[in-house]
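K.L.:
Quick one: this structure, given as structure tokens, is what I'll be asking you about.
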Amino acid sequence: MSSSIKEGAISPSPETKLVVEHVSMIFARDGKSVPVLADIDLDVRRGEFLCIVGPSGCGKSTLLNLMGGFLPPTSGAIRIDGEIVRGPDPRRIFVFQERGVFPWLTVEGNIGFGLFKLSREERERRIAHYIQMVGLKGFEQAYPSELSGGMKQRLEVARALAVDPDVLFLDEPFGALDSITRLTMRGELLRIWETEGNTIIFVTHDIDEAVQLADRVAVMSSRPGRIQQIVDIDIPHPRDISSPRYLELRAGIYDQIGLAHRI
Amino acid sequence: MKLSLRLRPIAFIGVLLLAWQIAVSLHPGHLLPTPLEVLRGIGDLLQHGLLLKYIVASLFRVTWGFALAALLAIPLGLLIGWYSRAEMAFNPLLQILRPISPLAWIPIAILWFGVGDLAAVFLIFLCCFFPLLLTSIQAVRSVPAVYIHAGRNFGLSPAAMIGRVLYPAVMPQLIIGLRITLGIAWLVVVAAEMIAVNSGLGFLIVDARNAGSRYDLVVAGMIMIGVIGWLLDLGMRSLERVRSLRWGYAED
Ligand SMILES: Nc1ncnc2c1ncn2[C@@H]1O[C@H](COP(=O)(O)OP(=O)(O)OP(=O)(O)O)[C@@H](O)[C@H]1O
Ligand SMILES: [Mg+2]
């Protein structure tokens, strides 16, 4: 039997989904070169929920965009399942920081957007399934302008999940939501992740959010961005956010970023 | 209450007509025909079958010139915009052609196509083509990158990208461009008909003046031009209310 591994691919360990190898990113701005990411190394396990935290402007979105294939790195490489990432791919869907639902399509139209290769029945079945899953039942024919911020966010997550991706890149997906909606959305995302088993890479600058959600938290420092530390969150779900271990891990990350514990 | 609100513009026009009638009868020179004379003029035109014929002639030229321009300029503009999204400098050739009034093309239009429909359609085409081209280039360039990234992420082919992302994304801006352009086309057709053809509402106006100073017909022609221009604009505006095209207006 011929191997399905492509030329140049390193045979990956079966648990490794995504590898970032010595990735640096330098942007050119006004004729000057701005180093944004410096020598990033990172392994993400299959089915893992990884959070990336760091101060604003440290390069979190840039790193995620590189992983998603929207930008080529200045040097280094990103591999998914052993293959070098050369562009975006429907097997890995990106949920954008700047809200990417299509305003000209209804809820149904948005969720069905990536399902053009499926038969009509299958497409409709999936649309109905994900509408149900993200709680948008009754809004099938609504346009995004008629939805609240939280509903738009759920819509974008549903659109991503509908194509059954094995990796989800989420760039501060709940950043624009109020704190109550944000808490509910976290719960829903965990529930979805547990049933679907995707690998999730989740960027946030909210340390609590990271400690509540992630298997591991990658802490970045800025200018140029580096991975400072990777913290294992060894608390099973559902997590008690007043447990000593939770508070300890959280305090550790605050320390790492150099923030005081009191305001 | 509601009815009286609706009647208000009609009442206003009535008052204006009355004032017009009174003003002309106070100064019986030949500065302006009275509304009644204009009405009779419209009746004359209807009787001779000229009114409908001229309206159809003008609309025919506008429709062809406008439709041809839209069919060529929009796809071309989308392509140019798409392939030069990054660079912000407009094509200088377009920038020089744009400020040339379409009327300046009249001699050349007549030279190429003779006096007749073709010359008029060509002028309408010209006056629609450049604004529509620029609008669609600009519209594509202003599509937020996040929609394009999302389209690429779901694995769209280039053709699907244009049909399913670019086209709907630029539609609200395009409709505004189409509406403005149709207004320009209607302005230009009247001017073109004064010189380049011998039918249509523009021709009616010069002809009524040249062949016997029938100023009642001149004003009748002007009123027809105004009413039809208004109806055309209403038609374009109703496009803005189509639900899936309306997204650009619903917000902000
Ligand atoms: N296309 C670009 N050209 C030039 N500089 C860029 C570009 N994209 C990002 N940058 C710069 O790279 C740095 C990191 O940006 P990035 O968006 O990755 O930060 P971030 O960590 O996601 O911040 P935030 O938490 O505010 O979203 C910023 O200083 C930004 O100005
Ligand atoms: Mg960001």
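By order of appearance in the structure tokens: chains A, B, ..., then residues from 1 within every chain, and ligands from 1 in the order shown.
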Residues contacting ligand 2 - anything with an atom at most 10 Å away, using only C-alpha atoms and all ligand atoms - can you give me those as an mmCIF file with N, CA, C and O atoms, in the first residue's frame?

P.N.:
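Saved to out25.cif:
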```cif
data_model
loop_
_atom_site.group_PDB
_atom_site.id
_atom_site.type_symbol
_atom_site.label_atom_id
_atom_site.label_comp_id
_atom_site.auth_asym_id
_atom_site.auth_seq_id
_atom_site.Cartn_x
_atom_site.Cartn_y
_atom_site.Cartn_z
ATOM 1 N N GLY A 54 -2.607 36.745 25.741
ATOM 2 C CA GLY A 54 -1.502 37.692 25.660
ATOM 3 C C GLY A 54 -2.061 39.081 25.529
ATOM 4 O O GLY A 54 -3.227 39.243 25.166
ATOM 5 N N PRO A 55 -1.234 40.082 25.810
ATOM 6 C CA PRO A 55 -1.720 41.461 25.748
ATOM 7 C C PRO A 55 -2.104 41.858 24.320
ATOM 8 O O PRO A 55 -1.667 41.234 23.350
ATOM 9 N N SER A 56 -2.913 42.881 24.213
ATOM 10 C CA SER A 56 -3.367 43.357 22.911
ATOM 11 C C SER A 56 -2.176 43.744 22.036
ATOM 12 O O SER A 56 -1.242 44.393 22.501
ATOM 13 N N GLY A 57 -2.190 43.313 20.785
ATOM 14 C CA GLY A 57 -1.119 43.664 19.863
ATOM 15 C C GLY A 57 0.094 42.754 19.940
ATOM 16 O O GLY A 57 1.097 43.003 19.277
ATOM 17 N N CYS A 58 0.019 41.661 20.708
ATOM 18 C CA CYS A 58 1.206 40.802 20.833
ATOM 19 C C CYS A 58 1.318 39.835 19.663
ATOM 20 O O CYS A 58 2.308 39.124 19.534
ATOM 21 N N GLY A 59 0.321 39.801 18.800
ATOM 22 C CA GLY A 59 0.432 38.945 17.621
ATOM 23 C C GLY A 59 -0.429 37.702 17.667
ATOM 24 O O GLY A 59 -0.229 36.784 16.866
ATOM 25 N N LYS A 60 -1.424 37.660 18.539
ATOM 26 C CA LYS A 60 -2.288 36.474 18.646
ATOM 27 C C LYS A 60 -3.060 36.240 17.342
ATOM 28 O O LYS A 60 -3.063 35.128 16.816
ATOM 29 N N SER A 61 -3.688 37.308 16.827
ATOM 30 C CA SER A 61 -4.455 37.145 15.577
ATOM 31 C C SER A 61 -3.526 36.776 14.435
ATOM 32 O O SER A 61 -3.872 35.957 13.576
ATOM 33 N N THR A 62 -2.342 37.386 14.419
ATOM 34 C CA THR A 62 -1.385 37.075 13.367
ATOM 35 C C THR A 62 -1.016 35.595 13.399
ATOM 36 O O THR A 62 -1.036 34.916 12.367
ATOM 37 N N LEU A 63 -0.725 35.084 14.592
ATOM 38 C CA LEU A 63 -0.367 33.671 14.721
ATOM 39 C C LEU A 63 -1.519 32.782 14.246
ATOM 40 O O LEU A 63 -1.314 31.806 13.510
ATOM 41 N N LEU A 64 -2.734 33.137 14.634
ATOM 42 C CA LEU A 64 -3.899 32.339 14.245
ATOM 43 C C LEU A 64 -4.112 32.392 12.725
ATOM 44 O O LEU A 64 -4.438 31.386 12.101
ATOM 45 N N ASN A 65 -3.906 33.583 12.141
ATOM 46 C CA ASN A 65 -4.031 33.726 10.692
ATOM 47 C C ASN A 65 -2.993 32.898 9.949
ATOM 48 O O ASN A 65 -3.264 32.379 8.863
ATOM 49 N N PHE A 96 -13.833 34.712 12.809
ATOM 50 C CA PHE A 96 -13.032 35.927 12.787
ATOM 51 C C PHE A 96 -13.341 36.880 13.926
ATOM 52 O O PHE A 96 -14.483 36.996 14.360
ATOM 53 N N GLN A 97 -12.282 37.580 14.343
ATOM 54 C CA GLN A 97 -12.441 38.607 15.373
ATOM 55 C C GLN A 97 -13.390 39.709 14.897
ATOM 56 O O GLN A 97 -14.116 40.290 15.688
ATOM 57 N N GLU A 98 -13.396 39.993 13.572
ATOM 58 C CA GLU A 98 -14.210 41.109 13.067
ATOM 59 C C GLU A 98 -15.579 40.665 12.567
ATOM 60 O O GLU A 98 -16.123 41.277 11.663
ATOM 61 N N ASP A 171 -10.996 33.470 16.984
ATOM 62 C CA ASP A 171 -10.232 34.660 17.365
ATOM 63 C C ASP A 171 -11.107 35.572 18.226
ATOM 64 O O ASP A 171 -11.957 36.286 17.704
ATOM 65 N N GLU A 172 -10.897 35.542 19.504
ATOM 66 C CA GLU A 172 -11.700 36.319 20.467
ATOM 67 C C GLU A 172 -13.172 36.295 20.099
ATOM 68 O O GLU A 172 -13.798 37.332 19.912
ATOM 69 N N VAL A 203 -8.217 32.101 20.672
ATOM 70 C CA VAL A 203 -7.449 33.262 21.096
ATOM 71 C C VAL A 203 -8.314 34.144 21.979
ATOM 72 O O VAL A 203 -9.491 34.367 21.681
ATOM 73 N N THR A 204 -7.745 34.599 23.070
ATOM 74 C CA THR A 204 -8.495 35.500 23.939
ATOM 75 C C THR A 204 -7.504 36.379 24.679
ATOM 76 O O THR A 204 -6.319 36.057 24.752
ATOM 77 N N HIS A 205 -7.960 37.524 25.186
ATOM 78 C CA HIS A 205 -7.061 38.187 26.131
ATOM 79 C C HIS A 205 -7.648 38.163 27.534
ATOM 80 O O HIS A 205 -7.189 38.850 28.422
#
```

K.L.:
Taking only C-alpha atoms into account, report as an MDAnalysis selection string which residues of chain A lie within 6 Å of chain B.

P.N.:
chainID A and resid 88:90 100 103:104 114

K.L.:
Just how far from CA of Pro35 (chain A) is atom 10 (N, counted along the ligand's line) of ligand 1, in Å to one decimal?

P.N.:
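Answer for the atom 10 (N, counted along the ligand's line) of ligand 1 to CA of Pro35 (chain A) separation: 9.1 Å.
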
K.L.:
Taking the backbone alone, and naming residues the way the document does, which bits of region 14-178 of chain A are strand (DSSP E) by DSSP, as a ChimeraX atom specification?

P.N.:
/A:16-29,32-45,49-53,75-80,83-84,92-95,167-171

K.L.:
Export N, CA and C atoms of the chosen residues as a short mmCIF file (atom, residue, chain, number, x, y, z; two decimals), in the first residue's frame?

P.N.:
```
data_model
loop_
_atom_site.label_atom_id
_atom_site.label_comp_id
_atom_site.auth_asym_id
_atom_site.auth_seq_id
_atom_site.Cartn_x
_atom_site.Cartn_y
_atom_site.Cartn_z
N THR A 16 -0.47 14.32 17.48
CA THR A 16 -0.20 15.71 17.14
C THR A 16 -1.04 16.13 15.94
N LYS A 17 -1.78 17.22 16.11
CA LYS A 17 -2.63 17.69 15.02
C LYS A 17 -1.90 18.79 14.25
N LEU A 18 -1.35 19.73 15.00
CA LEU A 18 -0.81 20.93 14.37
C LEU A 18 0.54 21.26 15.00
N VAL A 19 1.50 21.60 14.15
CA VAL A 19 2.82 21.95 14.65
C VAL A 19 3.22 23.31 14.10
N VAL A 20 3.66 24.18 14.97
CA VAL A 20 4.23 25.45 14.54
C VAL A 20 5.74 25.33 14.75
N GLU A 21 6.50 25.46 13.65
CA GLU A 21 7.95 25.23 13.72
C GLU A 21 8.72 26.50 13.43
N HIS A 22 9.38 27.04 14.43
CA HIS A 22 10.27 28.21 14.27
C HIS A 22 9.63 29.31 13.44
N VAL A 23 8.39 29.61 13.71
CA VAL A 23 7.71 30.59 12.88
C VAL A 23 8.01 32.01 13.32
N SER A 24 8.45 32.83 12.34
CA SER A 24 8.61 34.26 12.59
C SER A 24 7.78 35.01 11.57
N MET A 25 7.33 36.18 11.97
CA MET A 25 6.53 36.99 11.05
C MET A 25 7.02 38.42 11.16
N ILE A 26 7.36 38.98 10.00
CA ILE A 26 7.80 40.38 9.96
C ILE A 26 6.91 41.10 8.96
N PHE A 27 6.22 42.15 9.41
CA PHE A 27 5.41 42.95 8.50
C PHE A 27 6.22 44.14 8.03
N ALA A 28 5.94 44.59 6.81
CA ALA A 28 6.55 45.82 6.33
C ALA A 28 5.52 46.92 6.48
N ARG A 29 5.91 47.98 7.19
CA ARG A 29 4.95 49.09 7.34
C ARG A 29 5.71 50.39 7.17
N LYS A 32 9.37 50.36 6.89
CA LYS A 32 10.12 49.74 7.98
C LYS A 32 9.63 48.32 8.17
N SER A 33 10.50 47.46 8.65
CA SER A 33 10.01 46.12 8.92
C SER A 33 9.72 45.98 10.42
N VAL A 34 8.53 45.46 10.68
CA VAL A 34 8.07 45.32 12.06
C VAL A 34 8.02 43.84 12.42
N PRO A 35 8.91 43.39 13.32
CA PRO A 35 8.82 41.99 13.73
C PRO A 35 7.64 41.79 14.69
N VAL A 36 6.74 40.90 14.31
CA VAL A 36 5.53 40.70 15.13
C VAL A 36 5.59 39.38 15.88
N LEU A 37 6.12 38.35 15.23
CA LEU A 37 6.27 37.07 15.91
C LEU A 37 7.71 36.62 15.77
N ALA A 38 8.30 36.13 16.85
CA ALA A 38 9.68 35.69 16.80
C ALA A 38 9.81 34.25 17.24
N ASP A 39 10.21 33.41 16.32
CA ASP A 39 10.58 32.03 16.60
C ASP A 39 9.57 31.30 17.50
N ILE A 40 8.37 31.17 16.98
CA ILE A 40 7.32 30.49 17.74
C ILE A 40 7.39 28.98 17.49
N ASP A 41 7.36 28.22 18.56
CA ASP A 41 7.25 26.77 18.46
C ASP A 41 6.07 26.33 19.29
N LEU A 42 5.25 25.46 18.71
CA LEU A 42 4.04 25.07 19.42
C LEU A 42 3.51 23.77 18.83
N ASP A 43 3.11 22.85 19.69
CA ASP A 43 2.45 21.61 19.24
C ASP A 43 1.03 21.61 19.76
N VAL A 44 0.10 21.26 18.91
CA VAL A 44 -1.28 21.14 19.38
C VAL A 44 -1.72 19.70 19.17
N ARG A 45 -2.26 19.10 20.22
CA ARG A 45 -2.68 17.70 20.13
C ARG A 45 -4.04 17.59 19.45
N PHE A 49 -8.14 21.44 23.30
CA PHE A 49 -8.67 22.80 23.37
C PHE A 49 -7.53 23.66 23.88
N LEU A 50 -6.91 24.43 22.96
CA LEU A 50 -5.77 25.26 23.33
C LEU A 50 -6.18 26.72 23.32
N CYS A 51 -5.86 27.42 24.41
CA CYS A 51 -6.11 28.85 24.41
C CYS A 51 -4.79 29.60 24.27
N ILE A 52 -4.83 30.69 23.52
CA ILE A 52 -3.67 31.56 23.41
C ILE A 52 -4.04 32.88 24.06
N VAL A 53 -3.31 33.28 25.10
CA VAL A 53 -3.60 34.57 25.73
C VAL A 53 -2.37 35.46 25.61
N SER A 75 9.31 33.23 8.08
CA SER A 75 10.16 32.04 8.08
C SER A 75 9.53 30.99 8.97
N GLY A 76 10.00 29.77 8.83
CA GLY A 76 9.41 28.67 9.58
C GLY A 76 8.24 28.07 8.82
N ALA A 77 7.55 27.11 9.46
CA ALA A 77 6.45 26.43 8.78
C ALA A 77 5.40 26.00 9.77
N ILE A 78 4.20 25.81 9.24
CA ILE A 78 3.11 25.28 10.06
C ILE A 78 2.62 24.01 9.37
N ARG A 79 2.53 22.95 10.14
CA ARG A 79 2.05 21.69 9.57
C ARG A 79 0.78 21.25 10.28
N ILE A 80 -0.15 20.75 9.48
CA ILE A 80 -1.34 20.15 10.06
C ILE A 80 -1.41 18.73 9.51
N GLU A 83 1.28 17.87 7.03
CA GLU A 83 1.43 18.60 5.78
C GLU A 83 1.57 20.09 6.02
N ILE A 84 2.46 20.72 5.24
CA ILE A 84 2.65 22.16 5.39
C ILE A 84 1.39 22.91 4.95
N ARG A 92 -10.57 23.23 8.10
CA ARG A 92 -10.19 24.03 9.27
C ARG A 92 -10.86 25.38 9.11
N ILE A 93 -11.79 25.66 9.97
CA ILE A 93 -12.57 26.88 9.78
C ILE A 93 -12.20 27.93 10.83
N PHE A 94 -12.16 29.14 10.34
CA PHE A 94 -11.74 30.28 11.13
C PHE A 94 -12.97 31.10 11.52
N VAL A 95 -13.08 31.43 12.79
CA VAL A 95 -14.14 32.35 13.22
C VAL A 95 -13.46 33.67 13.54
N VAL A 167 -10.48 21.21 12.64
CA VAL A 167 -9.88 22.25 13.47
C VAL A 167 -10.75 23.50 13.41
N LEU A 168 -10.93 24.11 14.57
CA LEU A 168 -11.63 25.39 14.63
C LEU A 168 -10.66 26.43 15.18
N PHE A 169 -10.51 27.52 14.43
CA PHE A 169 -9.72 28.65 14.92
C PHE A 169 -10.69 29.74 15.36
N LEU A 170 -10.64 30.10 16.62
CA LEU A 170 -11.58 31.11 17.11
C LEU A 170 -10.79 32.31 17.61
N ASP A 171 -11.00 33.47 16.98
CA ASP A 171 -10.23 34.66 17.36
C ASP A 171 -11.11 35.57 18.23
#
```

K.L.:
Do you know which residues are at most 9 Å from Asn198 (chain B) counting only C-alpha atoms, after dropping those on the same chain fewer than 4 positions away, and could you put them as a ChimeraX atom specification?

P.N.:
/B:115-116,193-194,202-204,207

K.L.:
Find the residues near Asp232 (chain A): any atom within 7 Å, counting only C-alpha atoms, skip ones fewer than 5 places away on the same chain, and give them as a list of chain:residue names.

P.N.:
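Neighbouring residues, sequence-local ones excluded: A:Asp215, A:Arg216, A:Val217.
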